[in-house]
$ cat input-v1.cif   # mmCIF, C-alpha atoms
data_protein
#
loop_
_atom_site.label_atom_id
_atom_site.label_comp_id
_atom_site.auth_asym_id
_atom_site.auth_seq_id
_atom_site.Cartn_x
_atom_site.Cartn_y
_atom_site.Cartn_z
CA MET A 505 7.43 43.74 -58.02
CA PRO A 506 9.04 40.40 -58.93
CA ARG A 507 12.56 41.83 -58.74
CA ILE A 508 13.51 42.49 -55.13
CA THR A 509 16.62 42.72 -52.99
CA LEU A 510 17.47 40.75 -49.86
CA THR A 511 19.89 41.65 -47.11
CA ALA A 512 22.01 38.86 -45.67
CA SER A 513 23.01 38.76 -42.01
CA ASP A 514 26.45 40.19 -42.82
CA GLY A 515 24.85 43.22 -44.47
CA PHE A 516 25.38 42.13 -48.09
CA THR A 517 22.49 43.04 -50.39
CA LEU A 518 21.65 40.62 -53.18
CA ASN A 519 19.06 40.46 -55.92
CA ALA A 520 16.20 38.00 -55.90
CA TYR A 521 13.14 37.14 -57.94
CA ARG A 522 9.85 37.01 -56.08
CA ALA A 523 6.82 35.17 -57.47
CA GLU A 524 3.64 35.60 -55.50
CA PRO A 525 0.61 33.30 -55.47
CA SER A 526 -2.79 34.77 -56.24
CA GLY A 527 -4.53 33.64 -53.05
CA LYS A 528 -3.48 32.91 -49.51
CA PRO A 529 -0.08 31.24 -49.72
CA ARG A 530 0.36 27.61 -48.69
CA GLY A 531 3.93 28.40 -47.63
CA GLY A 532 7.21 29.63 -49.02
CA VAL A 533 9.66 28.12 -51.49
CA VAL A 534 13.26 29.16 -52.00
CA LEU A 535 14.35 28.32 -55.51
CA LEU A 536 18.06 27.90 -56.25
CA GLY A 537 18.86 28.01 -59.94
CA GLU A 538 21.61 26.50 -62.02
CA VAL A 539 24.84 28.27 -62.91
CA TRP A 540 23.16 30.83 -65.17
CA GLY A 541 21.69 32.89 -62.35
CA LEU A 542 18.15 34.26 -62.29
CA ASN A 543 17.54 33.70 -65.97
CA ASN A 544 14.33 33.17 -67.88
CA TRP A 545 13.98 29.51 -66.97
CA VAL A 546 14.53 30.08 -63.24
CA ARG A 547 11.96 32.85 -63.24
CA SER A 548 9.49 30.57 -65.03
CA VAL A 549 10.01 27.88 -62.39
CA ALA A 550 9.44 30.50 -59.67
CA GLU A 551 6.17 31.46 -61.34
CA ARG A 552 5.18 27.80 -61.47
CA TRP A 553 5.68 27.50 -57.72
CA ALA A 554 3.53 30.60 -57.28
CA SER A 555 0.82 29.02 -59.43
CA HIS A 556 0.86 26.11 -56.99
CA GLY A 557 0.17 28.53 -54.14
CA TYR A 558 3.66 29.18 -52.77
CA LEU A 559 5.48 32.46 -52.33
CA CYS A 560 8.67 31.73 -54.24
CA ILE A 561 11.94 33.57 -53.67
CA ALA A 562 14.85 32.85 -56.01
CA PRO A 563 18.04 34.48 -54.69
CA ALA A 564 20.84 35.59 -57.01
CA MET A 565 23.51 33.30 -55.65
CA PHE A 566 26.36 34.86 -57.63
CA ASP A 567 25.81 38.48 -56.70
CA ARG A 568 28.72 38.47 -54.27
CA VAL A 569 31.04 37.69 -57.14
CA GLU A 570 29.34 39.45 -60.04
CA PHE A 571 26.43 41.61 -59.01
CA GLY A 572 23.40 41.16 -61.25
CA TYR A 573 24.83 38.13 -63.08
CA GLU A 574 22.33 36.17 -65.11
CA SER A 575 22.62 34.66 -68.55
CA GLU A 576 20.56 33.05 -71.28
CA ASN A 577 23.71 31.83 -72.98
CA TYR A 578 23.89 28.07 -72.57
CA GLY A 579 26.82 27.79 -74.97
CA GLN A 580 30.34 26.65 -74.22
CA ASP A 581 31.65 30.23 -74.35
CA GLN A 582 29.57 31.13 -71.29
CA PHE A 583 31.35 28.47 -69.27
CA LYS A 584 34.45 30.67 -69.19
CA VAL A 585 32.42 33.35 -67.43
CA ILE A 586 30.93 30.83 -65.03
CA ASN A 587 34.35 29.37 -64.35
CA ARG A 588 35.65 32.82 -63.40
CA ILE A 589 32.68 33.36 -61.09
CA PHE A 590 33.30 30.12 -59.26
CA GLU A 591 36.92 31.04 -58.63
CA SER A 592 35.60 33.53 -56.05
CA TYR A 593 32.42 31.77 -55.00
CA SER A 594 32.14 30.83 -51.31
CA HIS A 595 29.90 28.15 -49.84
CA ALA A 596 30.07 29.96 -46.49
CA THR A 597 28.57 33.22 -47.72
CA ALA A 598 26.14 31.29 -49.94
CA LEU A 599 24.61 29.93 -46.73
CA LEU A 600 23.99 33.52 -45.60
CA ASP A 601 22.32 34.35 -48.91
CA MET A 602 20.12 31.27 -48.70
CA ARG A 603 19.20 32.20 -45.15
CA ALA A 604 18.15 35.68 -46.31
CA ALA A 605 15.93 34.08 -48.97
CA VAL A 606 14.42 31.71 -46.41
CA GLU A 607 13.58 34.65 -44.16
CA ALA A 608 11.84 36.44 -47.03
CA ALA A 609 9.88 33.33 -48.01
CA SER A 610 8.87 32.67 -44.40
CA ALA A 611 6.42 35.54 -44.62
CA ALA A 612 4.18 32.94 -46.29
CA GLY A 613 4.64 30.20 -43.67
CA LYS A 614 6.86 27.13 -43.64
CA VAL A 615 9.66 27.22 -46.19
CA GLY A 616 10.89 24.54 -48.56
CA VAL A 617 14.11 24.79 -50.56
CA THR A 618 14.45 23.42 -54.05
CA GLY A 619 17.09 23.80 -56.71
CA TYR A 620 18.75 22.38 -59.78
CA CYS A 621 22.34 21.26 -60.45
CA PHE A 622 24.41 23.78 -58.44
CA GLY A 623 21.12 24.68 -56.74
CA GLY A 624 20.40 21.00 -56.14
CA ALA A 625 23.63 20.58 -54.19
CA ASN A 626 22.82 23.79 -52.33
CA SER A 627 19.34 22.48 -51.52
CA TRP A 628 21.05 19.69 -49.60
CA ARG A 629 23.35 22.16 -47.84
CA ALA A 630 20.37 24.31 -46.94
CA ALA A 631 18.55 21.29 -45.52
CA ALA A 632 21.56 20.60 -43.33
CA GLN A 633 22.85 24.06 -42.49
CA VAL A 634 20.28 26.82 -43.00
CA ALA A 635 17.92 27.75 -40.19
CA GLY A 636 14.24 28.13 -40.94
CA VAL A 637 14.06 25.48 -43.65
CA ALA A 638 11.21 22.97 -43.19
CA ALA A 639 11.82 20.66 -46.18
CA ALA A 640 14.00 20.34 -49.28
CA SER A 641 13.73 18.83 -52.74
CA GLY A 642 16.89 19.03 -54.83
CA TYR A 643 17.62 18.07 -58.42
CA TYR A 644 20.83 16.50 -59.75
CA GLY A 645 23.15 18.18 -57.28
CA GLY A 646 26.67 17.32 -58.37
CA GLY A 647 29.63 16.66 -56.11
CA VAL A 648 27.95 14.11 -53.86
CA PRO A 649 31.24 13.36 -52.03
CA ASN A 650 31.35 17.02 -51.02
CA TYR A 651 27.97 16.96 -49.27
CA ILE A 652 27.33 13.35 -48.34
CA GLY A 653 28.84 14.09 -44.91
CA LEU A 654 26.21 16.72 -44.17
CA THR A 655 23.06 15.38 -42.56
CA PRO A 656 19.81 17.10 -43.50
CA ARG A 657 17.91 18.32 -40.46
CA VAL A 658 14.57 18.43 -42.30
CA PRO A 659 12.68 16.07 -44.63
CA THR A 660 14.74 15.99 -47.80
CA GLN A 661 14.13 14.60 -51.25
CA MET A 662 16.57 14.34 -54.15
CA HIS A 663 16.17 13.60 -57.86
CA PHE A 664 18.92 12.25 -60.12
CA GLY A 665 19.18 11.10 -63.73
CA THR A 666 20.54 7.61 -64.28
CA ARG A 667 22.31 8.82 -67.45
CA ASP A 668 23.94 11.80 -65.76
CA GLN A 669 27.60 11.66 -66.74
CA GLY A 670 28.58 14.18 -64.08
CA ILE A 671 26.99 12.33 -61.15
CA PRO A 672 27.81 8.61 -60.95
CA LEU A 673 24.81 6.49 -60.06
CA GLU A 674 27.00 4.66 -57.59
CA GLN A 675 27.43 7.89 -55.65
CA VAL A 676 23.67 8.32 -55.61
CA GLU A 677 23.47 4.81 -54.20
CA GLN A 678 26.06 5.75 -51.55
CA LEU A 679 24.06 8.85 -50.70
CA LYS A 680 20.98 6.70 -50.24
CA ALA A 681 22.85 4.23 -48.06
CA ALA A 682 24.35 7.00 -45.90
CA HIS A 683 21.01 8.80 -45.53
CA PRO A 684 18.24 6.20 -45.63
CA ASP A 685 15.68 8.76 -44.44
CA VAL A 686 16.21 10.94 -47.51
CA ASP A 687 13.69 10.35 -50.28
CA ILE A 688 15.89 9.70 -53.32
CA HIS A 689 14.47 9.14 -56.81
CA THR A 690 16.16 8.33 -60.09
CA TYR A 691 14.92 8.87 -63.63
CA ASP A 692 16.03 7.55 -67.00
CA ALA A 693 17.42 10.94 -67.93
CA ASP A 694 20.57 12.99 -68.34
CA HIS A 695 21.91 15.89 -66.29
CA GLY A 696 19.73 18.99 -66.40
CA PHE A 697 16.58 17.11 -67.34
CA CYS A 698 14.24 19.80 -66.05
CA ASN A 699 15.50 22.80 -67.98
CA SER A 700 12.81 23.33 -70.60
CA ASP A 701 14.85 26.11 -72.22
CA ARG A 702 17.42 23.54 -73.27
CA PRO A 703 15.76 21.12 -75.71
CA ASN A 704 18.85 18.90 -75.83
CA ARG A 705 18.69 18.45 -72.04
CA PHE A 706 15.01 18.66 -71.24
CA ASP A 707 13.20 15.42 -70.57
CA GLU A 708 9.57 16.30 -70.13
CA ALA A 709 8.43 12.94 -68.79
CA ALA A 710 11.17 12.76 -66.16
CA CYS A 711 10.76 16.38 -65.16
CA THR A 712 6.98 16.15 -64.89
CA LYS A 713 7.29 13.13 -62.64
CA ALA A 714 10.01 14.69 -60.47
CA SER A 715 8.19 18.03 -60.22
CA ALA A 716 5.02 16.28 -59.11
CA ARG A 717 7.04 14.57 -56.39
CA SER A 718 8.50 17.89 -55.25
CA LEU A 719 5.05 19.43 -55.11
CA ALA A 720 3.66 16.51 -53.13
CA TRP A 721 6.69 16.70 -50.81
CA PHE A 722 6.09 20.35 -50.08
CA HIS A 723 2.34 19.81 -49.71
CA LYS A 724 3.15 17.19 -47.11
CA HIS A 725 5.80 19.12 -45.20
CA LEU A 726 4.88 22.77 -45.73
CA GLY A 727 1.18 22.78 -46.27
CA MET B 844 32.74 -18.98 -73.78
CA ILE B 845 32.49 -15.21 -73.77
CA GLU B 846 31.06 -13.73 -76.94
CA HIS B 847 32.72 -10.62 -78.30
CA ASN B 848 29.22 -9.18 -78.48
CA SER B 849 29.08 -9.31 -74.70
CA ILE B 850 32.32 -7.39 -74.47
CA HIS B 851 31.08 -4.85 -76.99
CA ALA B 852 27.86 -4.44 -75.06
CA ALA B 853 29.71 -4.06 -71.76
CA LEU B 854 32.08 -1.51 -73.26
CA ALA B 855 29.16 0.42 -74.75
CA ALA B 856 27.46 0.43 -71.34
CA LEU B 857 30.62 1.77 -69.73
CA GLU B 858 31.01 4.44 -72.42
CA ALA B 859 27.47 5.57 -71.59
CA ALA B 860 28.17 5.60 -67.85
CA PRO B 861 31.92 6.14 -67.62
CA LEU B 862 31.90 6.67 -63.86
CA SER B 863 30.32 3.33 -63.04
CA ARG B 864 32.68 1.02 -61.17
CA LYS B 865 30.21 -1.83 -61.55
CA LYS B 866 30.03 -1.52 -65.32
CA ALA B 867 33.80 -1.28 -65.48
CA MET B 868 34.20 -4.37 -63.32
CA LEU B 869 31.77 -6.30 -65.48
CA LEU B 870 33.85 -5.42 -68.52
CA VAL B 871 37.04 -6.37 -66.68
CA LEU B 872 35.63 -9.80 -65.85
CA LEU B 873 34.38 -10.39 -69.40
CA LEU B 874 37.74 -9.38 -70.85
CA ASP B 875 39.58 -11.53 -68.36
CA GLU B 876 37.41 -14.52 -69.15
CA ALA B 877 37.95 -14.03 -72.86
CA THR B 878 41.74 -14.04 -72.58
CA GLY B 879 41.93 -17.76 -72.08
CA ALA B 880 38.77 -18.81 -73.88
CA GLY B 881 39.12 -21.47 -76.55
CA ALA B 882 42.86 -21.91 -76.06
CA ASP B 883 44.40 -25.37 -75.70
CA ASP B 884 46.57 -23.98 -72.92
CA PRO B 885 44.62 -21.09 -71.40
CA LEU B 886 47.35 -20.13 -68.93
CA ALA B 887 49.98 -19.95 -71.66
CA ARG B 888 47.64 -17.93 -73.83
CA ARG B 889 46.94 -15.51 -71.00
CA ALA B 890 50.64 -15.10 -70.27
CA GLU B 891 51.28 -14.44 -73.94
CA LEU B 892 48.51 -11.81 -74.12
CA ALA B 893 49.64 -10.16 -70.89
CA ALA B 894 53.18 -9.87 -72.19
CA ALA B 895 52.05 -8.43 -75.50
CA HIS B 896 49.40 -6.04 -74.17
CA PRO B 897 49.99 -4.20 -70.87
CA ALA B 898 46.32 -3.16 -70.80
CA LEU B 899 45.26 -6.80 -70.79
CA ALA B 900 47.83 -7.55 -68.10
CA THR B 901 46.21 -4.88 -65.94
CA VAL B 902 42.77 -6.31 -66.66
CA MET B 903 43.97 -9.71 -65.46
CA ASP B 904 45.39 -8.12 -62.31
CA LEU B 905 42.10 -6.33 -61.66
CA ALA B 906 40.08 -9.49 -62.20
CA ALA B 907 42.31 -11.40 -59.79
CA MET B 908 41.13 -9.06 -57.01
CA ARG B 909 44.25 -9.59 -54.96
CA GLU B 910 44.51 -7.76 -51.66
CA THR B 911 47.51 -5.77 -52.86
CA GLY B 912 46.53 -5.63 -56.53
CA PRO B 913 45.06 -2.76 -58.51
CA ARG B 914 41.52 -1.58 -57.78
CA LEU B 915 38.90 0.48 -59.57
CA VAL B 916 38.38 3.73 -57.70
CA LEU B 917 36.14 6.73 -58.26
CA GLU B 918 37.94 9.86 -57.19
CA PRO B 919 38.06 13.59 -57.84
CA VAL B 920 40.60 14.74 -60.38
CA ALA B 921 41.60 18.38 -60.80
CA VAL B 922 40.90 19.93 -64.19
CA ASP B 923 42.66 22.91 -65.64
CA ALA B 924 41.24 25.40 -68.10
CA ALA B 925 42.58 23.55 -71.14
CA GLU B 926 41.00 20.28 -70.07
CA ALA B 927 37.74 22.00 -69.20
CA ALA B 928 37.19 22.83 -72.86
CA VAL B 929 36.97 19.15 -73.78
CA LEU B 930 34.93 17.86 -70.86
CA ARG B 931 31.41 16.57 -71.30
CA GLU B 932 28.97 19.27 -70.31
CA ALA B 933 27.62 17.54 -67.22
CA ASP B 934 31.17 16.86 -66.11
CA TYR B 935 32.16 20.44 -66.61
CA MET B 936 29.05 21.81 -64.97
CA VAL B 937 29.61 19.77 -61.84
CA SER B 938 33.31 20.67 -61.76
CA LEU B 939 32.41 24.36 -61.63
CA TYR B 940 30.92 24.17 -58.19
CA ASN B 941 33.16 21.43 -56.85
CA GLY B 942 36.53 23.10 -56.69
CA ALA B 943 37.40 22.52 -60.37
CA THR B 944 37.45 18.77 -59.94
CA VAL B 945 35.63 16.05 -61.81
CA GLN B 946 34.96 12.51 -60.73
CA ARG B 947 36.96 9.96 -62.67
CA LEU B 948 37.00 6.21 -62.62
CA ARG B 949 40.62 5.19 -62.34
CA ILE B 950 42.74 2.15 -61.75
CA ALA B 951 44.70 2.60 -58.56
CA TRP B 952 47.79 0.64 -57.61
CA ALA B 953 49.17 0.29 -54.11
CA ASP B 954 52.19 2.41 -55.06
CA ALA B 955 49.85 5.35 -55.83
CA ARG B 956 50.02 5.01 -59.62
CA ARG B 957 46.80 5.86 -61.43
CA ALA B 958 45.41 5.17 -64.91
CA ASP B 959 42.14 6.22 -66.47
CA ALA B 960 39.93 3.12 -66.40
CA LEU B 961 37.88 3.77 -69.52
CA ASP B 962 40.93 4.48 -71.63
CA LEU B 963 42.70 1.35 -70.43
CA LEU B 964 39.66 -0.87 -70.88
CA ARG B 965 39.14 0.44 -74.41
CA ARG B 966 42.72 -0.53 -75.20
CA ALA B 967 42.29 -3.94 -73.61
CA ALA B 968 39.14 -4.62 -75.62
CA ALA B 969 40.87 -3.53 -78.81
CA ALA B 970 43.82 -5.81 -78.05
CA LEU B 971 41.51 -8.81 -77.84
CA GLU B 972 40.04 -7.96 -81.24
CA ARG B 973 43.43 -8.40 -82.89
#

$ encode --input "input-v1.cif" --output "structure tokens"
Amino acid sequence: MPRITLTASDGFTLNAYRAEPSGKPRGGVVLLGEVWGLNNWVRSVAERWASHGYLCIAPAMFDRVEFGYESENYGQDQFKVINRIFESYSHATALLDMRAAVEAASAAGKVGVTGYCFGGANSWRAAAQVAGVAAASGYYGGGVPNYIGLTPRVPTQMHFGTRDQGIPLEQVEQLKAAHPDVDIHTYDADHGFCNSDRPNRFDEAACTKASARSLAWFHKHLG
Amino acid sequence: MIEHNSIHAALAALEAAPLSRKKAMLLVLLLDEATGAGADDPLARRAELAAAHPALATVMDLAAMRETGPRLVLEPVAVDAAEAAVLREADYMVSLYNGATVQRLRIAWADARRADALDLLRRAAAALER
């Protein structure tokens, strides 16, 4: 069943989406979505990781605030809902939820964490703070000043758009300077360039290139 | 001699990347250079422009890069619900998971005053057009 539940170390039960590869798994991938929860696009990305041979677990990172939250509404009106969710969101408990997802994915071997936007920033946090992670590849994680002080403990890769108006390129440059071992790539693209359900955001060329890099990164570090 | 086209191009580049200190500084230097260009008495012309247009006066201060003068800084700025409605989407998205703050390029003075850099540079460029 693709819809599963996970139990975090503090006993909280959260939803997750599980995409299973057809053969023997190469490893596990934890997928952290954007601010719309486990929606159609996140599930499609999870299935793509499964097609590459990885057991993919996408945890519902907002369940502690609004259980079962997920949305296909990319409109401005949805931002009010998201804003309300983030008023109660906690980075501390998010680490527990990510850890629960890593444990579930580890049934397939080494675990990589990847994610987009909010999930991209959390990919970095997971690389620095979540046990059991073997590699990370995050996409356009905003709020660089809020995570630049965390040092990834595992091989980490990040992808940013040079036209992202929410993430200054100069902060990406600072991130690179502060963490020269992190594999940082930039693309001539805007924020959210990998979400194929948003034609006004999606940049197929940039996303294809970045996704290939993530896959190669996980092949190298997970198997 | 600085062409107005260069200033337009630099302003357009900053509008496209409004959090770039480098692009802002390039525009500052182009504007500063243009303030005295072609004048018989460049210093008098600059003084005249600075007196007439506070935005241009700030540009000149920025370009001077004095130890105690204003600087371009990128810093988090709190947004409230009303402001959130008019933010660019990427801005808003990132603010959601960063404590309701957005990054803003601002001009910072030693006495803690702040001004939005893009807004001020737009006004400075417009003043030179007159």

$ resolve_selection --input "input-v1.cif" --expression "the PyMOL selection byres ((chain B) within 7 of (chain A))" --output "PyMOL selection string"
chain B and resi 860+862-863+933-934+937+939-941

$ resolve_selection --input "input-v1.cif" --expression "the PyMOL selection byres ((chain A and resi 630-632) around 8)" --output "ChimeraX atom specification"
/A:599,602,617,626-629,633-635,637-640,654-660

$ atom_distance --input "input-v1.cif" --atom1 "CA of Leu600 (chain A)" --atom2 "CA of Pro529 (chain A)"
24.5 Å

$ atom_distance --input "input-v1.cif" --atom1 "CA of Ala596 (chain A)" --atom2 "CA of Gly942 (chain B)"
13.9 Å

$ residues_around --input "input-v1.cif" --residues "Arg965 (chain B)" --least-positions-apart "6" --cutoff "12 Å" --atoms "only C-alpha atoms" --output "list in words"
Ile850, His851, Ala853, Leu854, Ala855, Leu857, Glu858, Pro861, Ala867, Leu870, Val871, Leu874, Ala898, Leu899, Val902, Asp959, Leu971 and Glu972 of chain B

$ resolve_selection --input "input-v1.cif" --expression "the PyMOL selection byres ((chain A and resi 528) around 12)" --output "VMD selection string"
chain A and resid 524 to 527 529 to 532 554 to 559 611 to 613 727

$ closest_residue --input "input-v1.cif" --among "A:Leu719, A:Val585, A:Leu510, A:Ala710" --to "Gln661 (chain A)" --atoms "all atoms listed in the file"
A:Leu719

$ atom_distance --input "input-v1.cif" --atom1 "CA of Asn519 (chain A)" --atom2 "CA of Ala564 (chain A)"
5.3 Å

$ residues_around --input "input-v1.cif" --residues "Ile950 (chain B)" --least-positions-apart "3" --cutoff "10 Å" --atoms "only C-alpha atoms" --output "ChimeraX atom specification"
/B:901-902,905,913-917,947,955-961,963

$ closest_residue --input "input-v1.cif" --among "A:Tyr578, A:Trp553, A:Trp545, A:Phe516" --to "Met936 (chain B)" --atoms "all atoms listed in the file"
A:Tyr578

$ residues_around --input "input-v1.cif" --residues "Ala943 (chain B)" --least-positions-apart "6" --cutoff "8 Å" --atoms "all atoms listed in the file" --output "list in words"
Ala921, Val922 and Asp923 of chain B

$ residues_near_point --input "input-v1.cif" --point "(42.2, -9.8, -79.5)" --cutoff "12 Å" --atoms "only C-alpha atoms" --output "list in words"
His847, Ile850, Leu874, Asp875, Ala877, Thr878, Gly879, Ala880, Arg888, Arg889, Glu891, Leu892, Ala893, Ala895, His896, Ala898, Leu899, Arg965, Arg966, Ala967, Ala968, Ala969, Ala970, Leu971, Glu972 and Arg973 of chain B

$ closest_residue --input "input-v1.cif" --among "B:Arg949, B:Glu910, B:Glu876, B:Lys866" --to "Asp962 (chain B)" --atoms "all atoms listed in the file"
B:Arg949

$ closest_residue --input "input-v1.cif" --among "A:Leu726, A:Ala720, A:Ala604, A:Ile688" --to "Val533 (chain A)" --atoms "only C-alpha atoms"
A:Leu726

$ closest_residue --input "input-v1.cif" --among "B:Ala894, B:Met908, B:Arg864, B:Leu873" --to "Gln946 (chain B)" --atoms "all atoms listed in the file"
B:Arg864

$ residues_near_point --input "input-v1.cif" --point "(13.9, 14.0, -69.0)" --cutoff "12 Å" --atoms "only C-alpha atoms" --output "MDAnalysis selection string"
chainID A and resid 643:644 663:668 690:700 702:715

$ build_atoms --input "input-v1.cif" --residues "region 919-927 of chain B" --atoms "all heavy atoms" --output "PDB file, keeping the file's coordinate frame"
ATOM      1  N   PRO B 919      38.031  12.286 -57.181  1.00  0.00           N
ATOM      2  CA  PRO B 919      38.060  13.590 -57.840  1.00  0.00           C
ATOM      3  C   PRO B 919      39.422  13.867 -58.477  1.00  0.00           C
ATOM      4  O   PRO B 919      40.450  13.556 -57.893  1.00  0.00           O
ATOM      5  CB  PRO B 919      37.786  14.567 -56.689  1.00  0.00           C
ATOM      6  CG  PRO B 919      38.201  13.851 -55.462  1.00  0.00           C
ATOM      7  CD  PRO B 919      38.055  12.387 -55.726  1.00  0.00           C
ATOM      8  N   VAL B 920      39.379  14.416 -59.659  1.00  0.00           N
ATOM      9  CA  VAL B 920      40.600  14.740 -60.380  1.00  0.00           C
ATOM     10  C   VAL B 920      40.531  16.226 -60.748  1.00  0.00           C
ATOM     11  O   VAL B 920      39.503  16.700 -61.252  1.00  0.00           O
ATOM     12  CB  VAL B 920      40.696  13.892 -61.671  1.00  0.00           C
ATOM     13  CG1 VAL B 920      41.905  14.287 -62.498  1.00  0.00           C
ATOM     14  CG2 VAL B 920      40.759  12.414 -61.325  1.00  0.00           C
ATOM     15  N   ALA B 921      41.595  16.950 -60.490  1.00  0.00           N
ATOM     16  CA  ALA B 921      41.600  18.380 -60.800  1.00  0.00           C
ATOM     17  C   ALA B 921      41.623  18.594 -62.312  1.00  0.00           C
ATOM     18  O   ALA B 921      42.282  17.844 -63.043  1.00  0.00           O
ATOM     19  CB  ALA B 921      42.820  19.036 -60.168  1.00  0.00           C
ATOM     20  N   VAL B 922      40.867  19.594 -62.761  1.00  0.00           N
ATOM     21  CA  VAL B 922      40.900  19.930 -64.190  1.00  0.00           C
ATOM     22  C   VAL B 922      41.418  21.345 -64.352  1.00  0.00           C
ATOM     23  O   VAL B 922      41.085  22.226 -63.561  1.00  0.00           O
ATOM     24  CB  VAL B 922      39.508  19.824 -64.860  1.00  0.00           C
ATOM     25  CG1 VAL B 922      39.079  18.405 -64.991  1.00  0.00           C
ATOM     26  CG2 VAL B 922      38.458  20.632 -64.120  1.00  0.00           C
ATOM     27  N   ASP B 923      42.227  21.544 -65.374  1.00  0.00           N
ATOM     28  CA  ASP B 923      42.660  22.910 -65.640  1.00  0.00           C
ATOM     29  C   ASP B 923      41.829  23.469 -66.789  1.00  0.00           C
ATOM     30  O   ASP B 923      40.998  22.782 -67.377  1.00  0.00           O
ATOM     31  CB  ASP B 923      44.166  22.976 -65.922  1.00  0.00           C
ATOM     32  CG  ASP B 923      44.558  22.142 -67.136  1.00  0.00           C
ATOM     33  OD1 ASP B 923      43.693  21.939 -68.013  1.00  0.00           O
ATOM     34  OD2 ASP B 923      45.709  21.701 -67.210  1.00  0.00           O
ATOM     35  N   ALA B 924      42.070  24.721 -67.097  1.00  0.00           N
ATOM     36  CA  ALA B 924      41.240  25.400 -68.100  1.00  0.00           C
ATOM     37  C   ALA B 924      41.288  24.697 -69.447  1.00  0.00           C
ATOM     38  O   ALA B 924      40.268  24.582 -70.142  1.00  0.00           O
ATOM     39  CB  ALA B 924      41.707  26.843 -68.226  1.00  0.00           C
ATOM     40  N   ALA B 925      42.454  24.201 -69.830  1.00  0.00           N
ATOM     41  CA  ALA B 925      42.580  23.550 -71.140  1.00  0.00           C
ATOM     42  C   ALA B 925      41.736  22.278 -71.197  1.00  0.00           C
ATOM     43  O   ALA B 925      41.047  22.013 -72.177  1.00  0.00           O
ATOM     44  CB  ALA B 925      44.034  23.224 -71.410  1.00  0.00           C
ATOM     45  N   GLU B 926      41.786  21.507 -70.119  1.00  0.00           N
ATOM     46  CA  GLU B 926      41.000  20.280 -70.070  1.00  0.00           C
ATOM     47  C   GLU B 926      39.500  20.572 -70.055  1.00  0.00           C
ATOM     48  O   GLU B 926      38.697  19.839 -70.616  1.00  0.00           O
ATOM     49  CB  GLU B 926      41.338  19.491 -68.805  1.00  0.00           C
ATOM     50  CG  GLU B 926      42.566  18.632 -68.913  1.00  0.00           C
ATOM     51  CD  GLU B 926      42.831  17.962 -67.575  1.00  0.00           C
ATOM     52  OE1 GLU B 926      43.125  18.689 -66.609  1.00  0.00           O
ATOM     53  OE2 GLU B 926      42.711  16.744 -67.525  1.00  0.00           O
ATOM     54  N   ALA B 927      39.151  21.664 -69.355  1.00  0.00           N
ATOM     55  CA  ALA B 927      37.740  22.000 -69.200  1.00  0.00           C
ATOM     56  C   ALA B 927      37.047  22.131 -70.549  1.00  0.00           C
ATOM     57  O   ALA B 927      35.879  21.785 -70.699  1.00  0.00           O
ATOM     58  CB  ALA B 927      37.601  23.295 -68.404  1.00  0.00           C
TER      59      ALA B 927
END
